[in-house]
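Asker: One structure follows; several queries about it will come next.
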Amino acid sequence: MSRIPSVVKIVEVGPRDGLQNEKGIVPAGIKIEFINRLSQTGLRTVEVTSFVNPKWIPQLADAAEVFAGIDQRPGVAYPVLVPNEKGMQRALQAGAREVSIFTAASESFNRKNINCSIAESIERFKPVMALAREHDIRVRGYISTVIGCPYEGAIEPEAVASVAERLASLGCYELSLGDTIGVGTPRKARRMLEAVAAVVPMGELAVHFHDTYGQALANIHACLELGIGVVDSSVSGLGGCPYARGATGNVATEDVLYLLTGMGIETGVDMDKLLEAGRFISDRLGREPVSKLGHVPKDSRYHAGTLSH
Ligand code: HMG
Ligand code: MG
């Protein structure tokens, strides 16, 4: 029997994962309008920003201003990244109701990204989780470099499963498995997901593919076949990680939506509005949208907004 779910949640990470990696600093007003546009597409989760050290990620130094400026729509979650207790305090002060903590399956990457070992990161998250419980905040966990690491090469699925177990036991409601540098292929993605799903229920997992070598959609399809129900993506393929050389953008949300719709999977996301949000941010960044769907004229019979499965 097929395990492909009939409904998939798309977690839009463009305003955070995308804009953290831009060379220039996007003004807060543009970020706010971008997030507001994404909120109107039917997406149920839009990751807004990060409360990390602004010296490390100056692109998101305006996190509090952006968070305060967005219109929060009922039914949409607006998570923010926090690396430690200080980030959690800042997120709480800003009024965040959901946060994401992040670590990696590779020691070397973790050190470059958050300046500590995996075990130390888990210790750092304990006070974050305590504050989350106190303030009734939902916590998502990210694991980076789940297939390959820019410093260590291939990562064993068992190493990912071990970190996943530790994060789940801290109390994360969902774990997002990140192919940070986009080196996965479907077979590797499947092996990794199977190993993690053996220790954390599939219903508590999400996949997060960067598209460095054009494999992200194939990887997502492989994970859908195993029953994954949550997919992270970034409108117009924005994204990357400043501490992972070679990491390009996330898989484009438009392309994920096209795939899911074509498979008869419900997402609740409106393609036309999504294309407009992608066009908006691409224009502001002075580039063409990564997704080819953004280039199909509206009057074409093959315009993505008019297609169904
Ligand atoms: P550190 O230097 O080890 O921190 O950085 P520290 O605790 O030693 O503190 C040093 C200074 O930072 C102090 O200030 C702290 O107050 C300040 P000083 O006394 O020097 O003036 N500080 C902070 N300031 C503001 N907000 C904070 C904060 N924490 C400490 N939260 C730290 C450790 C984790 C803070 C740093 O390494 C950091 O901010 N890293 C963030 C890196 C990052 O954001 N990477 C990208 C996100 S991860 C990603 O993209 C992957 C993902 O998409 C999934 C995937 O694709 O794989 C999620
Ligand atoms: Mg990422």
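Residues in the structure tokens are named by chain (A, B, ... in the order shown) and by number from 1 within that chain; ligands are numbered from 1 in the order shown.
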Could you list, as a VMD selection string, all the residues within 8 Å of ligand 2, counting only C-alpha atoms and all ligand atoms?
Answerer: chain A and resid 13 17 144 178 to 180 208 to 210 239 to 241 249 to 250
Asker: Could the residues that lie within 6 Å of ligand 1, counting only C-alpha atoms and all ligand atoms, be listed as a list in words?
Answerer: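 Protein and nucleic-acid residues within 6 Å of ligand 1: Asp17, Phe51, Val52, Asn53, Pro54, Trp56, Ile57, Pro83, Asn84, Lys86, Gly87, Phe102, Asn113, Ile114, Asn115, Tyr142, Ser144, Thr145, Gly178, Asp179, Thr180 and Cys241 of chain A.
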Asker: So which residues of stretch 202-275 of chain A fall under helix (DSSP H, G or I) by DSSP, listed as a ChimeraX atom specification?
Answerer: /A:202-204,216-226,235-237,253-262,271-275
Asker: With only C-alpha atoms as the basis for distance, which of A:Val200, A:Val290, A:Ile147, A:Arg166 is at the shortest distance from A:Ile181?
Answerer: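 For A:Ile181, the nearest of the candidates is A:Ile147.
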Asker: Using only C-alpha atoms, determine which residues lie at most 9 Å from A:Ser100, disregarding the query and same-chain residues fewer than 2 positions distant; provide the list as a list in words.
Answerer: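 Once the adjacent positions are removed, what remains is Ser50, Pro79, Val80, Leu81, Val82, Pro83, Glu98, Phe102, Arg138, Val139, Arg140, Gly141, Tyr142 and Cys172 of chain A.
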Asker: Per residue of stretch 25-133 of chain A within 12 Å of stretch 222-230 of chain A, record the nearest atom pair and its distance in Å to one decimal, counting only C-alpha atoms, with rows in chain order and ascending residue number, as CSV.
Answerer:
residue,atom,partner,partner_atom,distance
A:Leu43,CA,A:Val230,CA,11.9
A:Arg44,CA,A:Val230,CA,11.1
A:Thr45,CA,A:Val230,CA,10.5
Asker: With N, CA, C and O atoms retained, write the just-selected residues as a compact mmCIF listing (two decimals), in the first residue's frame.
Answerer:
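Result file follows (selection39.txt):
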# COMPACT_ATOMS: atom_id res chain seq x y z
N LEU A 43 -0.08 29.17 2.84
CA LEU A 43 0.96 28.46 3.62
C LEU A 43 0.57 28.50 5.09
O LEU A 43 0.11 29.54 5.59
N ARG A 44 0.81 27.41 5.79
CA ARG A 44 0.44 27.38 7.21
C ARG A 44 1.61 27.68 8.13
O ARG A 44 1.45 27.91 9.32
N THR A 45 2.83 27.65 7.57
CA THR A 45 4.01 27.99 8.38
C THR A 45 4.96 28.84 7.54
O THR A 45 5.36 28.43 6.44
Asker: So that I can see what lies close to A:Ala68, please list as a PyMOL selection string the residues with an atom at most 10 Å from it, counting only C-alpha atoms and leaving out residues fewer than 4 positions away in the same chain.
Answerer: chain A and resi 32+63-64+72+94-96
Asker: So what do you get for atom CA of A:His303 versus atom CA of A:Ile10, distance-wise?
Answerer: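 Interatomic distance here is 20.9 Å.
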Asker: Taking 3 positions as the minimum chain separation for residues in the same chain, which residues sit within 7 Å of A:Thr212 when counting only C-alpha atoms? Answer as a PyMOL selection string.
Answerer: chain A and resi 181-183+247-248
Asker: I'd like to know which of A:Ala61, A:Ala105, A:Val256, A:Val296 is closest to A:Glu12, using only C-alpha atoms.
Answerer: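 Smallest distance to A:Glu12 is found for A:Val256.
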Asker: Quick one: pick out all strand (DSSP E) residues within stretch 16-196 of chain A from a backbone DSSP run and write them as a PyMOL selection string.
Answerer: chain A and resi 45-46+49-50+80-81+98-104+138-144+148-149+153-154+174-179
Asker: Using only N, CA and C atoms, please write the residues we just selected to a file, as a compact mmCIF listing (two decimals), in the first residue's frame.
Answerer:
# COMPACT_ATOMS: atom_id res chain seq x y z
N THR A 45 2.83 27.65 7.57
CA THR A 45 4.01 27.99 8.38
C THR A 45 4.96 28.84 7.54
N VAL A 46 5.31 29.98 8.08
CA VAL A 46 6.29 30.86 7.43
C VAL A 46 7.36 31.20 8.46
N THR A 49 12.50 34.64 10.80
CA THR A 49 13.83 35.21 11.00
C THR A 49 14.60 34.37 12.01
N SER A 50 15.76 34.89 12.45
CA SER A 50 16.58 34.18 13.45
C SER A 50 17.01 35.14 14.55
N VAL A 80 10.67 31.16 14.59
CA VAL A 80 11.95 31.87 14.45
C VAL A 80 13.06 30.94 14.96
N LEU A 81 14.27 31.11 14.41
CA LEU A 81 15.39 30.27 14.85
C LEU A 81 16.01 30.84 16.12
N GLU A 98 6.46 30.28 18.41
CA GLU A 98 7.10 29.02 18.00
C GLU A 98 8.55 29.31 17.66
N VAL A 99 9.45 28.42 18.10
CA VAL A 99 10.87 28.61 17.81
C VAL A 99 11.44 27.32 17.23
N SER A 100 12.60 27.47 16.57
CA SER A 100 13.32 26.29 16.09
C SER A 100 14.73 26.33 16.65
N ILE A 101 15.14 25.20 17.22
CA ILE A 101 16.53 25.06 17.65
C ILE A 101 17.26 24.30 16.55
N PHE A 102 18.58 24.42 16.49
CA PHE A 102 19.28 23.75 15.37
C PHE A 102 20.64 23.25 15.77
N THR A 103 20.91 22.03 15.34
CA THR A 103 22.21 21.41 15.54
C THR A 103 22.51 20.62 14.26
N ALA A 104 23.52 19.75 14.31
CA ALA A 104 23.91 19.06 13.08
C ALA A 104 24.28 17.61 13.37
N ARG A 138 5.89 26.27 21.08
CA ARG A 138 6.22 25.03 20.36
C ARG A 138 7.65 25.11 19.85
N VAL A 139 8.35 23.98 19.92
CA VAL A 139 9.75 23.97 19.48
C VAL A 139 9.95 22.92 18.39
N ARG A 140 10.51 23.39 17.28
CA ARG A 140 10.89 22.51 16.18
C ARG A 140 12.40 22.32 16.27
N GLY A 141 12.89 21.18 15.84
CA GLY A 141 14.34 20.96 15.85
C GLY A 141 14.86 20.74 14.44
N TYR A 142 15.99 21.36 14.13
CA TYR A 142 16.63 21.12 12.84
C TYR A 142 17.88 20.28 13.05
N ILE A 143 18.11 19.35 12.15
CA ILE A 143 19.41 18.67 12.10
C ILE A 143 20.00 18.96 10.72
N SER A 144 21.19 19.57 10.72
CA SER A 144 21.86 19.89 9.45
C SER A 144 22.78 18.76 9.03
N GLY A 148 25.50 14.85 3.86
CA GLY A 148 26.91 15.14 3.65
C GLY A 148 27.30 16.43 4.35
N CYS A 149 28.59 16.52 4.68
CA CYS A 149 29.11 17.68 5.39
C CYS A 149 30.23 18.29 4.55
N GLY A 153 32.59 15.15 4.72
CA GLY A 153 32.12 14.25 3.65
C GLY A 153 30.84 13.54 4.05
N ALA A 154 30.73 12.25 3.63
CA ALA A 154 29.47 11.52 3.84
C ALA A 154 29.16 11.36 5.33
N GLU A 174 8.59 18.49 16.19
CA GLU A 174 8.90 18.06 14.82
C GLU A 174 10.39 18.24 14.60
N LEU A 175 10.99 17.34 13.82
CA LEU A 175 12.40 17.45 13.47
C LEU A 175 12.53 17.62 11.97
N SER A 176 13.28 18.63 11.57
CA SER A 176 13.49 18.87 10.15
C SER A 176 14.90 18.39 9.79
N LEU A 177 14.96 17.51 8.79
CA LEU A 177 16.21 16.86 8.43
C LEU A 177 16.82 17.59 7.24
N GLY A 178 17.93 18.28 7.47
CA GLY A 178 18.46 19.20 6.46
C GLY A 178 19.64 18.66 5.68
N ASP A 179 19.44 18.58 4.36
CA ASP A 179 20.57 18.30 3.47
C ASP A 179 21.16 19.67 3.11
Asker: Could you check how far atom CA of A:Gln215 sits from atom CA of A:Val251, in Å to one decimal?
Answerer: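 Atom CA of A:Val251 lies 9.0 Å from atom CA of A:Gln215.
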Asker: Using only C-alpha atoms, which residues sit within 6 Å of stretch 266-275 of chain A once same-chain residues fewer than 3 positions away are excluded, as number ranges by chain?
Answerer: A: 7-9, 41-43, 278, 294, 305
Asker: Contacts of A:Phe34 at 8 Å or less, counting only C-alpha atoms, minus same-chain residues fewer than 4 places along, as an NGL selection string?
Answerer: :A and (15 or 30 or 38 or 277 or 280-281)
Asker: Pick out the closest residue to A:Ser236 from this set: A:Asp136, A:Glu152, A:Glu194, A:Asp283. Count only C-alpha atoms.
Answerer: A:Asp283
Asker: In Å, rounded to a single decimal, give me how far atom CA of A:Ser233 is from atom CA of A:Asp255.
Answerer: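 Computing the Euclidean distance for atom CA of A:Asp255 and atom CA of A:Ser233 yields 9.2 Å.
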Asker: Looking at only C-alpha atoms, which of A:Arg97, A:Arg90, A:Arg16, A:Lys23 is the one that sits closest to A:Leu60?
Answerer: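 Of A:Arg97, A:Arg90, A:Arg16, A:Lys23, the one nearest A:Leu60 is A:Arg16, counting only C-alpha atoms.
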Asker: Using 12 Å as the limit and counting only C-alpha atoms, can you tabulate each residue of stretch 170-207 of chain A that touches stretch 217-220 of chain A, with its shortest atom-to-atom distance in Å and the two atoms involved, as JSON lines?
Answerer:
{"residue": "A:Leu177", "atom": "CA", "partner": "A:Ile220", "partner_atom": "CA", "distance": 11.5}
{"residue": "A:Gly178", "atom": "CA", "partner": "A:Asn219", "partner_atom": "CA", "distance": 11.7}
{"residue": "A:Asp179", "atom": "CA", "partner": "A:Asn219", "partner_atom": "CA", "distance": 9.9}
{"residue": "A:Gly182", "atom": "CA", "partner": "A:Asn219", "partner_atom": "CA", "distance": 9.9}
{"residue": "A:Val183", "atom": "CA", "partner": "A:Asn219", "partner_atom": "CA", "distance": 10.2}
{"residue": "A:Gly184", "atom": "CA", "partner": "A:Asn219", "partner_atom": "CA", "distance": 7.1}
{"residue": "A:Thr185", "atom": "CA", "partner": "A:Asn219", "partner_atom": "CA", "distance": 5.9}
{"residue": "A:Pro186", "atom": "CA", "partner": "A:Asn219", "partner_atom": "CA", "distance": 4.5}
{"residue": "A:Arg187", "atom": "CA", "partner": "A:Asn219", "partner_atom": "CA", "distance": 8.0}
{"residue": "A:Lys188", "atom": "CA", "partner": "A:Asn219", "partner_atom": "CA", "distance": 8.5}
{"residue": "A:Ala189", "atom": "CA", "partner": "A:Asn219", "partner_atom": "CA", "distance": 5.9}
{"residue": "A:Arg190", "atom": "CA", "partner": "A:Asn219", "partner_atom": "CA", "distance": 7.7}
{"residue": "A:Arg191", "atom": "CA", "partner": "A:Asn219", "partner_atom": "CA", "distance": 11.0}
{"residue": "A:Met192", "atom": "CA", "partner": "A:Asn219", "partner_atom": "CA", "distance": 10.9}
{"residue": "A:Leu193", "atom": "CA", "partner": "A:Asn219", "partner_atom": "CA", "distance": 10.4}
{"residue": "A:Ala206", "atom": "CA", "partner": "A:Ile220", "partner_atom": "CA", "distance": 10.1}
{"residue": "A:Val207", "atom": "CA", "partner": "A:Ile220", "partner_atom": "CA", "distance": 7.4}
Asker: Please save N, CA and C atoms of the selected residues as a PDB file, in the first residue's frame.
Answerer:
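And here is the file that came out, part-v1.pdb:
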ATOM      1  N   LEU A 177      14.956  17.506   8.793  1.00  0.00           N
ATOM      2  CA  LEU A 177      16.212  16.856   8.427  1.00  0.00           C
ATOM      3  C   LEU A 177      16.816  17.591   7.235  1.00  0.00           C
ATOM      4  N   GLY A 178      17.933  18.280   7.467  1.00  0.00           N
ATOM      5  CA  GLY A 178      18.461  19.200   6.465  1.00  0.00           C
ATOM      6  C   GLY A 178      19.643  18.659   5.678  1.00  0.00           C
ATOM      7  N   ASP A 179      19.436  18.581   4.358  1.00  0.00           N
ATOM      8  CA  ASP A 179      20.573  18.295   3.467  1.00  0.00           C
ATOM      9  C   ASP A 179      21.164  19.669   3.106  1.00  0.00           C
ATOM     10  N   GLY A 182      23.052  20.054  -0.076  1.00  0.00           N
ATOM     11  CA  GLY A 182      22.367  19.536  -1.271  1.00  0.00           C
ATOM     12  C   GLY A 182      23.120  18.443  -2.005  1.00  0.00           C
ATOM     13  N   VAL A 183      23.738  17.538  -1.252  1.00  0.00           N
ATOM     14  CA  VAL A 183      24.489  16.460  -1.911  1.00  0.00           C
ATOM     15  C   VAL A 183      23.715  15.140  -1.974  1.00  0.00           C
ATOM     16  N   GLY A 184      22.482  15.175  -1.464  1.00  0.00           N
ATOM     17  CA  GLY A 184      21.689  13.942  -1.440  1.00  0.00           C
ATOM     18  C   GLY A 184      21.228  13.497  -2.818  1.00  0.00           C
ATOM     19  N   THR A 185      20.999  12.203  -2.923  1.00  0.00           N
ATOM     20  CA  THR A 185      20.315  11.611  -4.073  1.00  0.00           C
ATOM     21  C   THR A 185      19.212  10.742  -3.458  1.00  0.00           C
ATOM     22  N   PRO A 186      18.220  10.328  -4.256  1.00  0.00           N
ATOM     23  CA  PRO A 186      17.068   9.644  -3.645  1.00  0.00           C
ATOM     24  C   PRO A 186      17.431   8.444  -2.782  1.00  0.00           C
ATOM     25  N   ARG A 187      18.385   7.635  -3.219  1.00  0.00           N
ATOM     26  CA  ARG A 187      18.706   6.449  -2.425  1.00  0.00           C
ATOM     27  C   ARG A 187      19.281   6.831  -1.062  1.00  0.00           C
ATOM     28  N   LYS A 188      20.162   7.827  -1.082  1.00  0.00           N
ATOM     29  CA  LYS A 188      20.751   8.269   0.198  1.00  0.00           C
ATOM     30  C   LYS A 188      19.685   8.923   1.083  1.00  0.00           C
ATOM     31  N   ALA A 189      18.810   9.712   0.455  1.00  0.00           N
ATOM     32  CA  ALA A 189      17.750  10.382   1.226  1.00  0.00           C
ATOM     33  C   ALA A 189      16.863   9.329   1.887  1.00  0.00           C
ATOM     34  N   ARG A 190      16.536   8.292   1.128  1.00  0.00           N
ATOM     35  CA  ARG A 190      15.662   7.234   1.641  1.00  0.00           C
ATOM     36  C   ARG A 190      16.329   6.507   2.815  1.00  0.00           C
ATOM     37  N   ARG A 191      17.598   6.173   2.643  1.00  0.00           N
ATOM     38  CA  ARG A 191      18.321   5.454   3.714  1.00  0.00           C
ATOM     39  C   ARG A 191      18.366   6.284   4.993  1.00  0.00           C
ATOM     40  N   MET A 192      18.633   7.583   4.795  1.00  0.00           N
ATOM     41  CA  MET A 192      18.718   8.473   5.951  1.00  0.00           C
ATOM     42  C   MET A 192      17.359   8.555   6.650  1.00  0.00           C
ATOM     43  N   LEU A 193      16.287   8.769   5.851  1.00  0.00           N
ATOM     44  CA  LEU A 193      14.965   8.925   6.460  1.00  0.00           C
ATOM     45  C   LEU A 193      14.517   7.630   7.143  1.00  0.00           C
ATOM     46  N   ALA A 206      10.256  16.121   9.172  1.00  0.00           N
ATOM     47  CA  ALA A 206      10.133  16.963   7.976  1.00  0.00           C
ATOM     48  C   ALA A 206      11.433  16.835   7.199  1.00  0.00           C
ATOM     49  N   VAL A 207      11.384  17.129   5.896  1.00  0.00           N
ATOM     50  CA  VAL A 207      12.633  17.117   5.121  1.00  0.00           C
ATOM     51  C   VAL A 207      12.934  18.521   4.597  1.00  0.00           C
TER      52      VAL A 207
END
